[in-house]
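Shown here: entry_9.pdb, PDB, C-alpha atoms.
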```pdb
ATOM      1  CA  MET A   1       3.789  21.257 -44.905
ATOM      2  CA  THR A   2       2.608  18.088 -43.210
ATOM      3  CA  ARG A   3       5.028  15.202 -43.130
ATOM      4  CA  LYS A   4       4.502  11.612 -42.028
ATOM      5  CA  VAL A   5       6.870  10.021 -39.497
ATOM      6  CA  THR A   6       6.756   6.235 -39.144
ATOM      7  CA  ILE A   7       7.147   5.131 -35.533
ATOM      8  CA  GLU A   8       5.951   1.553 -34.878
ATOM      9  CA  GLU A   9       6.556   1.847 -31.153
ATOM     10  CA  ASN A  10       4.681  -0.196 -28.602
ATOM     11  CA  ILE A  11       2.638   2.044 -26.299
ATOM     12  CA  GLN A  12       3.845   0.100 -23.280
ATOM     13  CA  SER A  13       7.519   0.325 -24.282
ATOM     14  CA  ALA A  14       8.493   2.645 -21.408
ATOM     15  CA  ASN A  15       6.910   0.327 -18.846
ATOM     16  CA  ASP A  16       8.378  -2.745 -20.575
ATOM     17  CA  GLN A  17      11.842  -1.202 -20.398
ATOM     18  CA  LEU A  18      11.545  -0.591 -16.655
ATOM     19  CA  ALA A  19      10.156  -4.104 -16.182
ATOM     20  CA  ALA A  20      13.252  -5.485 -17.926
ATOM     21  CA  GLU A  21      15.425  -3.493 -15.521
ATOM     22  CA  ASN A  22      13.501  -4.890 -12.548
ATOM     23  CA  GLN A  23      13.926  -8.410 -13.905
ATOM     24  CA  GLN A  24      17.659  -7.872 -14.251
ATOM     25  CA  ARG A  25      17.918  -6.551 -10.695
ATOM     26  CA  LEU A  26      15.974  -9.520  -9.307
ATOM     27  CA  ASP A  27      18.064 -11.960 -11.347
ATOM     28  CA  GLN A  28      21.294 -10.473 -10.010
ATOM     29  CA  ALA A  29      20.016 -10.987  -6.474
ATOM     30  CA  GLY A  30      18.894 -14.558  -7.264
ATOM     31  CA  LEU A  31      15.536 -13.611  -5.804
ATOM     32  CA  PHE A  32      12.467 -15.580  -6.939
ATOM     33  CA  SER A  33       9.629 -13.099  -7.447
ATOM     34  CA  ILE A  34       5.911 -13.380  -7.939
ATOM     35  CA  ASN A  35       3.290 -10.872  -9.021
ATOM     36  CA  ILE A  36      -0.012 -11.829  -7.396
ATOM     37  CA  MET A  37      -3.115 -10.504  -9.096
ATOM     38  CA  ALA A  38      -6.813 -10.959  -8.342
ATOM     39  CA  SER A  39     -10.069  -9.118  -7.917
ATOM     40  CA  PRO A  40     -10.644  -7.381  -4.546
ATOM     41  CA  GLY A  41     -11.570  -9.925  -1.894
ATOM     42  CA  ALA A  42     -10.272 -13.016  -3.709
ATOM     43  CA  GLY A  43      -7.835 -13.654  -0.864
ATOM     44  CA  LYS A  44      -4.500 -12.202  -1.945
ATOM     45  CA  THR A  45      -3.434 -11.007   1.494
ATOM     46  CA  THR A  46      -4.810 -14.108   3.223
ATOM     47  CA  LEU A  47      -2.887 -16.346   0.802
ATOM     48  CA  ILE A  48       0.261 -14.344   1.550
ATOM     49  CA  GLU A  49      -0.328 -14.791   5.294
ATOM     50  CA  ASN A  50      -0.808 -18.547   4.828
ATOM     51  CA  THR A  51       2.303 -18.724   2.664
ATOM     52  CA  LEU A  52       4.409 -16.839   5.196
ATOM     53  CA  ALA A  53       3.184 -19.112   7.995
ATOM     54  CA  LYS A  54       4.640 -22.088   6.070
ATOM     55  CA  LEU A  55       7.885 -20.513   4.837
ATOM     56  CA  ILE A  56       9.111 -18.454   7.774
ATOM     57  CA  PRO A  57      11.626 -18.818   9.415
ATOM     58  CA  SER A  58      13.226 -21.252   6.918
ATOM     59  CA  TYR A  59      13.004 -18.671   4.139
ATOM     60  CA  ALA A  60      13.399 -14.878   4.170
ATOM     61  CA  VAL A  61      10.445 -13.307   2.415
ATOM     62  CA  ALA A  62       9.798  -9.735   1.282
ATOM     63  CA  ALA A  63       6.322  -8.490   0.441
ATOM     64  CA  ILE A  64       5.458  -5.428  -1.621
ATOM     65  CA  ASP A  65       1.810  -4.479  -1.333
ATOM     66  CA  GLY A  66       0.043  -2.234  -3.793
ATOM     67  CA  ASP A  67      -3.137  -0.457  -2.811
ATOM     68  CA  ILE A  68      -4.844   2.770  -3.707
ATOM     69  CA  ALA A  69      -4.674   3.803  -0.043
ATOM     70  CA  THR A  70      -3.827   2.526   3.480
ATOM     71  CA  SER A  71      -1.072   0.197   4.676
ATOM     72  CA  ILE A  72      -3.451  -2.523   5.889
ATOM     73  CA  ASP A  73      -2.024  -5.210   3.602
ATOM     74  CA  ALA A  74       1.636  -4.427   4.286
ATOM     75  CA  ASP A  75       0.859  -4.400   8.009
ATOM     76  CA  ARG A  76      -0.710  -7.856   7.727
ATOM     77  CA  ALA A  77       2.278  -9.184   5.759
ATOM     78  CA  ALA A  78       4.703  -7.699   8.324
ATOM     79  CA  GLU A  79       2.687  -9.172  11.168
ATOM     80  CA  ALA A  80       3.004 -12.579   9.462
ATOM     81  CA  GLY A  81       6.793 -12.245   9.352
ATOM     82  CA  ALA A  82       7.646 -10.650   6.008
ATOM     83  CA  THR A  83       9.700  -7.532   5.452
ATOM     84  CA  ALA A  84       6.932  -5.436   3.956
ATOM     85  CA  VAL A  85       6.849  -2.340   1.768
ATOM     86  CA  GLN A  86       3.576  -0.604   0.982
ATOM     87  CA  ILE A  87       3.031   1.139  -2.358
ATOM     88  CA  ASN A  88       0.136   3.568  -2.434
ATOM     89  CA  THR A  89      -0.769   4.042  -6.061
ATOM     90  CA  GLY A  90      -2.652   7.280  -5.472
ATOM     91  CA  GLY A  91      -5.795   6.218  -7.273
ATOM     92  CA  GLN A  92      -4.107   4.184  -9.968
ATOM     93  CA  CYS A  93      -5.731   0.780 -10.469
ATOM     94  CA  HIS A  94      -2.510  -1.231 -10.853
ATOM     95  CA  ILE A  95       1.184  -1.304  -9.919
ATOM     96  CA  ASP A  96       3.426  -0.342 -12.805
ATOM     97  CA  ALA A  97       7.078  -1.213 -13.327
ATOM     98  CA  HIS A  98       8.217   2.204 -12.136
ATOM     99  CA  MET A  99       6.388   1.875  -8.809
ATOM    100  CA  LEU A 100       7.896  -1.558  -8.300
ATOM    101  CA  GLN A 101      11.353  -0.217  -9.089
ATOM    102  CA  THR A 102      10.971   2.448  -6.386
ATOM    103  CA  ALA A 103       9.816  -0.150  -3.867
ATOM    104  CA  LEU A 104      12.678  -2.540  -4.746
ATOM    105  CA  ARG A 105      15.168   0.174  -3.804
ATOM    106  CA  LYS A 106      13.877   0.015  -0.243
ATOM    107  CA  LEU A 107      14.880  -3.637   0.123
ATOM    108  CA  ASP A 108      18.259  -5.368   0.324
ATOM    109  CA  LEU A 109      17.264  -7.857  -2.323
ATOM    110  CA  GLU A 110      20.271 -10.113  -1.733
ATOM    111  CA  ASN A 111      18.962 -10.893   1.749
ATOM    112  CA  PHE A 112      15.736 -12.543   0.600
ATOM    113  CA  ASP A 113      14.708 -15.877  -0.910
ATOM    114  CA  LEU A 114      11.260 -14.885  -2.117
ATOM    115  CA  LEU A 115       9.522 -11.664  -3.123
ATOM    116  CA  LEU A 116       5.740 -11.545  -3.146
ATOM    117  CA  VAL A 117       4.255  -8.554  -4.964
ATOM    118  CA  GLU A 118       0.595  -8.060  -4.161
ATOM    119  CA  ASN A 119      -0.967  -6.078  -6.979
ATOM    120  CA  VAL A 120      -3.994  -3.792  -6.625
ATOM    121  CA  GLY A 121      -7.263  -5.757  -6.551
ATOM    122  CA  ASN A 122      -8.431  -5.557 -10.151
ATOM    123  CA  LEU A 123      -8.978  -8.080 -12.957
ATOM    124  CA  ILE A 124      -8.297  -5.775 -15.881
ATOM    125  CA  CYS A 125      -5.522  -3.220 -15.599
ATOM    126  CA  PRO A 126      -2.673  -5.146 -13.889
ATOM    127  CA  SER A 127      -2.502  -7.540 -16.863
ATOM    128  CA  SER A 128      -1.431  -4.659 -19.114
ATOM    129  CA  PHE A 129       1.564  -3.621 -17.003
ATOM    130  CA  LYS A 130       4.487  -6.023 -16.855
ATOM    131  CA  LEU A 131       6.504  -5.714 -13.665
ATOM    132  CA  GLY A 132       9.536  -7.880 -14.374
ATOM    133  CA  THR A 133       8.783 -10.603 -11.835
ATOM    134  CA  ASP A 134       9.646 -14.246 -12.586
ATOM    135  CA  THR A 135       6.038 -15.325 -12.546
ATOM    136  CA  ASN A 136       2.546 -13.917 -12.622
ATOM    137  CA  VAL A 137      -0.034 -15.636 -10.474
ATOM    138  CA  LEU A 138      -3.784 -15.126 -10.533
ATOM    139  CA  ILE A 139      -6.091 -15.962  -7.646
ATOM    140  CA  ALA A 140      -9.680 -16.747  -8.610
ATOM    141  CA  SER A 141     -12.116 -17.366  -5.770
ATOM    142  CA  ILE A 142     -15.267 -19.456  -5.880
ATOM    143  CA  PRO A 143     -17.713 -16.663  -4.870
ATOM    144  CA  GLU A 144     -16.608 -14.558  -7.860
ATOM    145  CA  GLY A 145     -18.405 -16.992 -10.164
ATOM    146  CA  ASP A 146     -17.424 -19.465 -12.868
ATOM    147  CA  ASP A 147     -17.688 -17.022 -15.785
ATOM    148  CA  LYS A 148     -14.642 -14.912 -14.968
ATOM    149  CA  PRO A 149     -12.216 -16.430 -17.527
ATOM    150  CA  TYR A 150     -14.740 -15.553 -20.246
ATOM    151  CA  LYS A 151     -15.214 -12.006 -18.974
ATOM    152  CA  TYR A 152     -11.582 -11.145 -18.212
ATOM    153  CA  PRO A 153      -9.640 -13.057 -20.888
ATOM    154  CA  SER A 154      -6.487 -10.933 -20.890
ATOM    155  CA  MET A 155      -5.911 -11.593 -17.205
ATOM    156  CA  TYR A 156      -6.256 -15.373 -17.584
ATOM    157  CA  GLN A 157      -4.117 -15.426 -20.705
ATOM    158  CA  ASP A 158      -1.007 -13.861 -19.285
ATOM    159  CA  VAL A 159      -0.538 -15.698 -16.009
ATOM    160  CA  ASP A 160       1.849 -18.583 -15.282
ATOM    161  CA  ALA A 161      -0.134 -20.089 -12.438
ATOM    162  CA  LEU A 162      -3.706 -20.002 -11.180
ATOM    163  CA  ILE A 163      -4.891 -20.482  -7.629
ATOM    164  CA  ILE A 164      -8.559 -21.318  -7.208
ATOM    165  CA  ASN A 165      -9.259 -20.180  -3.653
ATOM    166  CA  LYS A 166     -12.152 -20.650  -1.209
ATOM    167  CA  ILE A 167     -12.952 -24.170  -2.410
ATOM    168  CA  ASP A 168     -14.482 -24.793   1.028
ATOM    169  CA  LEU A 169     -17.432 -22.713  -0.260
ATOM    170  CA  LEU A 170     -18.169 -25.016  -3.231
ATOM    171  CA  PRO A 171     -21.095 -26.769  -1.482
ATOM    172  CA  TYR A 172     -22.844 -23.433  -0.957
ATOM    173  CA  ILE A 173     -22.325 -21.684  -4.273
ATOM    174  CA  ASP A 174     -23.412 -22.491  -7.837
ATOM    175  CA  PHE A 175     -19.975 -22.728  -9.362
ATOM    176  CA  ASP A 176     -19.578 -25.029 -12.367
ATOM    177  CA  MET A 177     -15.926 -26.065 -12.155
ATOM    178  CA  GLU A 178     -16.025 -27.734 -15.583
ATOM    179  CA  TYR A 179     -17.315 -24.562 -17.252
ATOM    180  CA  PHE A 180     -14.719 -22.462 -15.422
ATOM    181  CA  GLN A 181     -11.885 -24.837 -16.370
ATOM    182  CA  GLN A 182     -13.007 -24.896 -20.004
ATOM    183  CA  GLY A 183     -12.659 -21.118 -20.118
ATOM    184  CA  VAL A 184      -9.205 -21.320 -18.564
ATOM    185  CA  GLN A 185      -8.206 -24.067 -20.989
ATOM    186  CA  MET A 186      -9.215 -21.935 -23.973
ATOM    187  CA  LEU A 187      -7.112 -19.019 -22.840
ATOM    188  CA  ASN A 188      -4.164 -20.709 -21.251
ATOM    189  CA  PRO A 189      -3.835 -24.432 -21.980
ATOM    190  CA  ASP A 190      -1.748 -26.403 -19.473
ATOM    191  CA  LEU A 191      -1.798 -23.568 -16.922
ATOM    192  CA  THR A 192      -0.411 -24.702 -13.554
ATOM    193  CA  THR A 193      -3.439 -24.701 -11.262
ATOM    194  CA  PHE A 194      -3.807 -25.076  -7.504
ATOM    195  CA  THR A 195      -7.160 -25.554  -5.821
ATOM    196  CA  VAL A 196      -6.918 -24.318  -2.260
ATOM    197  CA  SER A 197      -8.817 -23.114   0.739
ATOM    198  CA  CYS A 198      -6.956 -20.562   2.816
ATOM    199  CA  LYS A 199      -9.633 -21.155   5.451
ATOM    200  CA  THR A 200      -9.103 -24.910   5.939
ATOM    201  CA  GLY A 201      -5.545 -25.115   4.594
ATOM    202  CA  GLU A 202      -6.573 -27.641   1.921
ATOM    203  CA  GLY A 203      -4.269 -27.646  -1.098
ATOM    204  CA  ILE A 204      -1.840 -25.088   0.345
ATOM    205  CA  ASN A 205       1.044 -27.552   0.519
ATOM    206  CA  SER A 206       1.278 -28.093  -3.236
ATOM    207  CA  TRP A 207       1.390 -24.312  -3.719
ATOM    208  CA  ILE A 208       4.189 -24.090  -1.134
ATOM    209  CA  ASP A 209       6.122 -26.926  -2.830
ATOM    210  CA  TRP A 210       5.829 -25.078  -6.134
ATOM    211  CA  LEU A 211       7.194 -21.901  -4.503
ATOM    212  CA  ILE A 212      10.114 -23.742  -2.912
ATOM    213  CA  ARG A 213      10.997 -25.323  -6.266
ATOM    214  CA  GLY A 214      10.974 -21.832  -7.780
ATOM    215  CA  ILE A 215      13.185 -20.452  -5.003
ATOM    216  CA  ASN A 216      15.709 -23.280  -5.406
ATOM    217  CA  GLU A 217      15.787 -23.065  -9.195
ATOM    218  CA  LYS A 218      16.364 -19.322  -9.055
ATOM    219  CA  LYS A 219      19.199 -19.722  -6.566
ATOM    220  CA  SER A 220      20.949 -22.393  -8.619
ATOM    221  CA  HIS A 221      21.145 -20.105 -11.673
TER     222      HIS A 221
ATOM    223  CA  MET B   1      -9.164   2.961 -15.616
ATOM    224  CA  HIS B   2      -5.586   2.641 -16.827
ATOM    225  CA  GLU B   3      -6.351   4.851 -19.820
ATOM    226  CA  LEU B   4      -4.841   7.943 -18.193
ATOM    227  CA  ALA B   5      -1.454   6.213 -17.835
ATOM    228  CA  ILE B   6      -1.796   4.850 -21.375
ATOM    229  CA  THR B   7      -2.665   8.276 -22.763
ATOM    230  CA  GLU B   8       0.382   9.809 -21.087
ATOM    231  CA  GLN B   9       2.560   7.145 -22.673
ATOM    232  CA  ILE B  10       1.092   7.776 -26.123
ATOM    233  CA  ALA B  11       1.809  11.496 -25.743
ATOM    234  CA  GLU B  12       5.344  10.818 -24.484
ATOM    235  CA  ILE B  13       6.184   8.621 -27.483
ATOM    236  CA  ALA B  14       4.639  11.050 -29.993
ATOM    237  CA  ILE B  15       6.378  14.097 -28.501
ATOM    238  CA  ARG B  16       9.727  12.298 -28.374
ATOM    239  CA  HIS B  17       9.524  11.356 -32.060
ATOM    240  CA  GLY B  18       8.110  14.770 -32.971
ATOM    241  CA  GLU B  19      11.023  16.571 -31.315
ATOM    242  CA  GLN B  20      13.562  14.234 -32.920
ATOM    243  CA  ASN B  21      12.087  15.254 -36.268
ATOM    244  CA  HIS B  22      12.053  18.976 -35.393
ATOM    245  CA  ALA B  23       8.267  19.219 -35.512
ATOM    246  CA  SER B  24       6.622  22.456 -34.463
ATOM    247  CA  LYS B  25       3.330  20.632 -34.216
ATOM    248  CA  ILE B  26       1.912  17.111 -34.364
ATOM    249  CA  THR B  27      -1.360  17.028 -36.259
ATOM    250  CA  ASP B  28      -2.333  13.346 -36.375
ATOM    251  CA  LEU B  29      -1.512  10.110 -34.550
ATOM    252  CA  TYR B  30      -2.206   6.697 -36.078
ATOM    253  CA  LEU B  31      -2.686   4.039 -33.418
ATOM    254  CA  VAL B  32      -3.120   0.325 -33.993
ATOM    255  CA  MET B  33      -5.275  -1.454 -31.455
ATOM    256  CA  GLY B  34      -6.085  -5.154 -31.364
ATOM    257  CA  GLU B  35      -9.634  -6.268 -30.649
ATOM    258  CA  LEU B  36      -8.362  -7.973 -27.485
ATOM    259  CA  SER B  37      -6.269  -5.109 -26.141
ATOM    260  CA  THR B  38      -7.864  -3.858 -22.954
ATOM    261  CA  VAL B  39      -7.951  -0.200 -23.879
ATOM    262  CA  VAL B  40     -11.089   1.845 -24.404
ATOM    263  CA  ASP B  41     -10.434   4.328 -27.195
ATOM    264  CA  GLU B  42     -13.202   6.706 -26.043
ATOM    265  CA  SER B  43     -11.400   7.090 -22.703
ATOM    266  CA  VAL B  44      -8.050   7.731 -24.358
ATOM    267  CA  GLN B  45      -9.745  10.396 -26.470
ATOM    268  CA  PHE B  46     -11.256  11.890 -23.316
ATOM    269  CA  TYR B  47      -7.872  12.210 -21.558
ATOM    270  CA  TRP B  48      -6.022  13.268 -24.693
ATOM    271  CA  ASP B  49      -6.912  16.984 -24.565
ATOM    272  CA  ILE B  50      -6.021  17.249 -20.872
ATOM    273  CA  VAL B  51      -2.712  15.375 -21.171
ATOM    274  CA  THR B  52      -1.508  17.281 -24.240
ATOM    275  CA  SER B  53      -2.461  20.871 -23.451
ATOM    276  CA  ASP B  54       0.527  23.188 -23.975
ATOM    277  CA  THR B  55       2.514  20.503 -25.810
ATOM    278  CA  ILE B  56       3.260  20.066 -29.520
ATOM    279  CA  CYS B  57       0.492  17.448 -29.502
ATOM    280  CA  GLU B  58      -2.205  19.913 -28.514
ATOM    281  CA  GLY B  59      -5.156  19.603 -30.877
ATOM    282  CA  ALA B  60      -3.722  16.539 -32.634
ATOM    283  CA  LYS B  61      -6.261  14.073 -33.941
ATOM    284  CA  LEU B  62      -6.210  10.436 -32.806
ATOM    285  CA  HIS B  63      -6.934   7.762 -35.410
ATOM    286  CA  PHE B  64      -7.552   4.240 -34.158
ATOM    287  CA  LYS B  65      -7.083   1.286 -36.461
ATOM    288  CA  ARG B  66      -8.799  -1.767 -34.991
ATOM    289  CA  VAL B  67      -7.206  -5.139 -35.728
ATOM    290  CA  PRO B  68      -9.617  -8.078 -35.444
ATOM    291  CA  ALA B  69      -8.618 -11.009 -33.253
ATOM    292  CA  LEU B  70      -7.425 -14.140 -35.010
ATOM    293  CA  LEU B  71      -7.192 -17.479 -33.238
ATOM    294  CA  HIS B  72      -5.265 -20.602 -34.159
ATOM    295  CA  CYS B  73      -6.683 -23.963 -33.104
ATOM    296  CA  LEU B  74      -3.958 -26.099 -31.512
ATOM    297  CA  ASP B  75      -5.760 -29.335 -32.403
ATOM    298  CA  CYS B  76      -6.850 -28.998 -36.033
ATOM    299  CA  GLY B  77      -4.522 -26.142 -36.956
ATOM    300  CA  LYS B  78      -7.212 -23.997 -38.588
ATOM    301  CA  GLN B  79      -7.599 -20.305 -37.908
ATOM    302  CA  TYR B  80     -10.833 -18.612 -36.851
ATOM    303  CA  GLN B  81     -12.182 -15.303 -35.655
ATOM    304  CA  LEU B  82     -14.186 -14.239 -32.636
ATOM    305  CA  VAL B  83     -17.947 -13.995 -32.911
ATOM    306  CA  ASP B  84     -19.353 -10.916 -31.137
ATOM    307  CA  GLY B  85     -16.027 -10.390 -29.405
ATOM    308  CA  GLU B  86     -16.377 -13.581 -27.369
ATOM    309  CA  LEU B  87     -13.865 -16.381 -27.116
ATOM    310  CA  GLN B  88     -15.240 -19.731 -28.122
ATOM    311  CA  PRO B  89     -14.111 -23.228 -29.068
ATOM    312  CA  CYS B  90     -12.870 -23.910 -32.582
ATOM    313  CA  PRO B  91     -15.852 -23.892 -35.003
ATOM    314  CA  HIS B  92     -14.149 -26.593 -37.121
ATOM    315  CA  CYS B  93     -13.340 -29.243 -34.493
ATOM    316  CA  GLN B  94     -14.823 -27.856 -31.214
ATOM    317  CA  SER B  95     -11.441 -27.999 -29.487
ATOM    318  CA  SER B  96     -10.955 -25.400 -26.792
ATOM    319  CA  LYS B  97      -7.172 -25.345 -27.127
ATOM    320  CA  MET B  98      -6.127 -22.281 -29.034
ATOM    321  CA  GLU B  99      -3.607 -19.545 -29.239
ATOM    322  CA  ILE B 100      -4.103 -15.911 -30.129
ATOM    323  CA  VAL B 101      -2.330 -15.046 -33.356
ATOM    324  CA  GLN B 102      -3.460 -11.480 -33.676
ATOM    325  CA  GLY B 103      -5.587  -9.007 -31.736
ATOM    326  CA  ARG B 104      -3.473  -7.924 -28.788
ATOM    327  CA  GLU B 105      -1.407  -5.271 -30.526
ATOM    328  CA  PHE B 106      -1.305  -1.742 -29.251
ATOM    329  CA  HIS B 107       1.234   0.556 -30.829
ATOM    330  CA  LEU B 108       1.728   3.943 -32.384
ATOM    331  CA  GLU B 109       2.237   3.366 -36.096
ATOM    332  CA  SER B 110       2.961   6.881 -37.307
ATOM    333  CA  ILE B 111       2.388  10.580 -36.746
ATOM    334  CA  ASN B 112       1.881  13.528 -39.041
ATOM    335  CA  ILE B 113       3.972  16.571 -38.179
ATOM    336  CA  VAL B 114       4.337  20.108 -39.365
TER     337      VAL B 114
END
```
I need this file expressed as structure tokens, please.
Amino acid sequence: MTRKVTIEENIQSANDQLAAENQQRLDQAGLFSINIMASPGAGKTTLIENTLAKLIPSYAVAAIDGDIATSIDADRAAEAGATAVQINTGGQCHIDAHMLQTALRKLDLENFDLLLVENVGNLICPSSFKLGTDTNVLIASIPEGDDKPYKYPSMYQDVDALIINKIDLLPYIDFDMEYFQQGVQMLNPDLTTFTVSCKTGEGINSWIDWLIRGINEKKSH
Amino acid sequence: MHELAITEQIAEIAIRHGEQNHASKITDLYLVMGELSTVVDESVQFYWDIVTSDTICEGAKLHFKRVPALLHCLDCGKQYQLVDGELQPCPHCQSSKMEIVQGREFHLESINIV
């Protein structure tokens, strides 16, 4: 005889549980952590390099880089002075909380001030998998076009900060900043936004100040 | 392409609850999916047979209940729905400040077991 069993369990509950464990681990270490998401080519690794150039040696920074294959990104982060761990997702389009947990075990978390997690380049899947970091940051770049908030709403909705990168290309590309910002506003009013160029260095300092505030706040807790 | 991971999680939850209830077989799964959840039900269906072969879920039918998105305007306080699945300003006052009240859910509501 068939019988109904009521469940009401969130499909992502297993991942959410592991994310909560990661958060707890990072809190214990007083380590300020950031999950950086963006489409491929938006400038995630270049932003990390620019960030490391400003923070090292005053701050100890760890970088965890997620990619389907290769260790190119972790190599670049290590070259720029971070202690880097590469995660190869084996075809998976995002880092999940379990992968991050495995990578965290390879680091002495107490020895760092900042953890930068570079997610797999993708504007859809990473938004569905919480990692347990303090903040989620999205990089949007000018050449991607001004319609991205409208086309990838879940990504724009869930982030705590937005970096608009490659603003040095604005004179060459039809990018309607007002239209873009209106989309962002709809999805995530009052989102902290930085407009930067990793090429010229414009705007990078306010991003760095924001990071340092985060590091200090986390340490004082 | 995160539907494979999602499908594995659905199977894991269903099997766990099925075993707790001493099921010899799970025949139906009732999933609730918000209009704004980023999961494609056709893909989940596609992976389902592969993920569940040789488990108590094998052959179980997936039922998807779609929940429409509901938005709340932060300026005039009225609620409104999406038109053609697209986000747009409030139709009452044209404000673009809004919050999503409903439409992002994704959970397993119940299963039928034998």
query: Which is closest to Ala82 of chain A among A:Leu100, A:Ala14, A:Leu116, A:Ile68, if we use all atoms listed in the file?
result: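 For Ala82 of chain A, the nearest of the given residues is A:Leu116.
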- request: For the file shown, report as an NGL selection string the outcome of the ChimeraX specification (/A :<9) & /B at residue level.
  value: :B and (1-2 or 5-7 or 9-10 or 13-14 or 17-18 or 21 or 26-27 or 36-38 or 86-89 or 95-100 or 104-114)
message: Could you tell me how far atom CA of Gly145 of chain A sits from atom CA of Ile163 of chain A, in Å to one decimal place?
response: 14.2 Å
field: Selection near Leu169 of chain A, 10 Å with all atoms listed in the file, sequence-local residues under 5 positions removed, as a PyMOL selection string
entry: chain A and resi 141-143+174-175+197+199
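Using only C-alpha atoms, the smallest distance between any of B:Gln94, B:Asp28, B:Asp84, B:Leu62 and Ser43 of chain B comes from B:Leu62.
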message: Applying the PyMOL selection byres ((chain A and resi 39) around 7) to the file I just gave you, which residues come out? Please list them as JSON, numbers by chain.
response: {"A": [38, 40, 41, 42, 121, 122, 123]}
For the residues selected in the previous step, produce a file with C-alpha atoms as a CSV table (one decimal), in the coordinates of the input.
```csv
chain,number,residue,atom,x,y,z
A,38,ALA,CA,-6.8,-11.0,-8.3
A,40,PRO,CA,-10.6,-7.4,-4.5
A,41,GLY,CA,-11.6,-9.9,-1.9
A,42,ALA,CA,-10.3,-13.0,-3.7
A,121,GLY,CA,-7.3,-5.8,-6.6
A,122,ASN,CA,-8.4,-5.6,-10.2
A,123,LEU,CA,-9.0,-8.1,-13.0
```
Coordinates-based distance that separates atom CA of His63 of chain B from atom CA of Glu12 of chain B (Å, one decimal): 16.7 Å
message: Using all atoms listed in the file, which protein or nucleic acid residues come within 6 Å of segment 54-58 of chain B? Drop anything in the same chain fewer than 2 positions from it, and give the result as a ChimeraX atom specification.
response: /B:25-26,52,60
Just-selected residues, C-alpha atoms written as an mmCIF file, keeping the file's coordinate frame:
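That gives us part-v1.cif:
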```cif
data_model
loop_
_atom_site.group_PDB
_atom_site.id
_atom_site.type_symbol
_atom_site.label_atom_id
_atom_site.label_comp_id
_atom_site.auth_asym_id
_atom_site.auth_seq_id
_atom_site.Cartn_x
_atom_site.Cartn_y
_atom_site.Cartn_z
ATOM 1 C CA LYS B 25 3.330 20.632 -34.216
ATOM 2 C CA ILE B 26 1.912 17.111 -34.364
ATOM 3 C CA THR B 52 -1.508 17.281 -24.240
ATOM 4 C CA ALA B 60 -3.722 16.539 -32.634
#
```
message: Which polymer residues, whether protein, DNA or RNA, lie within 12 Å of the coordinate (-7.9, -28.1, 2.7) when you count all atoms listed in the file? List them as a ChimeraX atom specification, using the chain letters and numbers from the file.
response: /A:165-169,194-207
field: Output of the PyMOL selection byres ((chain B and resi 73) around 7), listed as a count of residues only
entry: 12
Which polymer residues have any atom within 12 Å of an atom of Ala77 of chain A, counting only C-alpha atoms, with same-chain residues fewer than 2 positions away left out, as a PDB file with C-alpha atoms, in the frame of the given file?
```pdb
ATOM      1  CA  LYS A  44      -4.500 -12.202  -1.945  1.00  0.00           C
ATOM      2  CA  THR A  45      -3.434 -11.007   1.494  1.00  0.00           C
ATOM      3  CA  THR A  46      -4.810 -14.108   3.223  1.00  0.00           C
ATOM      4  CA  LEU A  47      -2.887 -16.346   0.802  1.00  0.00           C
ATOM      5  CA  ILE A  48       0.261 -14.344   1.550  1.00  0.00           C
ATOM      6  CA  GLU A  49      -0.328 -14.791   5.294  1.00  0.00           C
ATOM      7  CA  ASN A  50      -0.808 -18.547   4.828  1.00  0.00           C
ATOM      8  CA  THR A  51       2.303 -18.724   2.664  1.00  0.00           C
ATOM      9  CA  LEU A  52       4.409 -16.839   5.196  1.00  0.00           C
ATOM     10  CA  ALA A  53       3.184 -19.112   7.995  1.00  0.00           C
ATOM     11  CA  ILE A  56       9.111 -18.454   7.774  1.00  0.00           C
ATOM     12  CA  VAL A  61      10.445 -13.307   2.415  1.00  0.00           C
ATOM     13  CA  ALA A  62       9.798  -9.735   1.282  1.00  0.00           C
ATOM     14  CA  ALA A  63       6.322  -8.490   0.441  1.00  0.00           C
ATOM     15  CA  ILE A  64       5.458  -5.428  -1.621  1.00  0.00           C
ATOM     16  CA  ASP A  65       1.810  -4.479  -1.333  1.00  0.00           C
ATOM     17  CA  SER A  71      -1.072   0.197   4.676  1.00  0.00           C
ATOM     18  CA  ILE A  72      -3.451  -2.523   5.889  1.00  0.00           C
ATOM     19  CA  ASP A  73      -2.024  -5.210   3.602  1.00  0.00           C
ATOM     20  CA  ALA A  74       1.636  -4.427   4.286  1.00  0.00           C
ATOM     21  CA  ASP A  75       0.859  -4.400   8.009  1.00  0.00           C
ATOM     22  CA  GLU A  79       2.687  -9.172  11.168  1.00  0.00           C
ATOM     23  CA  ALA A  80       3.004 -12.579   9.462  1.00  0.00           C
ATOM     24  CA  GLY A  81       6.793 -12.245   9.352  1.00  0.00           C
ATOM     25  CA  ALA A  82       7.646 -10.650   6.008  1.00  0.00           C
ATOM     26  CA  THR A  83       9.700  -7.532   5.452  1.00  0.00           C
ATOM     27  CA  ALA A  84       6.932  -5.436   3.956  1.00  0.00           C
ATOM     28  CA  VAL A  85       6.849  -2.340   1.768  1.00  0.00           C
ATOM     29  CA  GLN A  86       3.576  -0.604   0.982  1.00  0.00           C
ATOM     30  CA  LEU A 115       9.522 -11.664  -3.123  1.00  0.00           C
ATOM     31  CA  LEU A 116       5.740 -11.545  -3.146  1.00  0.00           C
ATOM     32  CA  VAL A 117       4.255  -8.554  -4.964  1.00  0.00           C
ATOM     33  CA  GLU A 118       0.595  -8.060  -4.161  1.00  0.00           C
TER      34      GLU A 118
END
```
message: For a test of reading the model, state the distance in Å between atom CA of Gln17 of chain A and atom CA of Phe32 of chain A, rounded to one decimal.
response: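 Taking atom CA of Gln17 of chain A and atom CA of Phe32 of chain A, their separation equals 19.7 Å.
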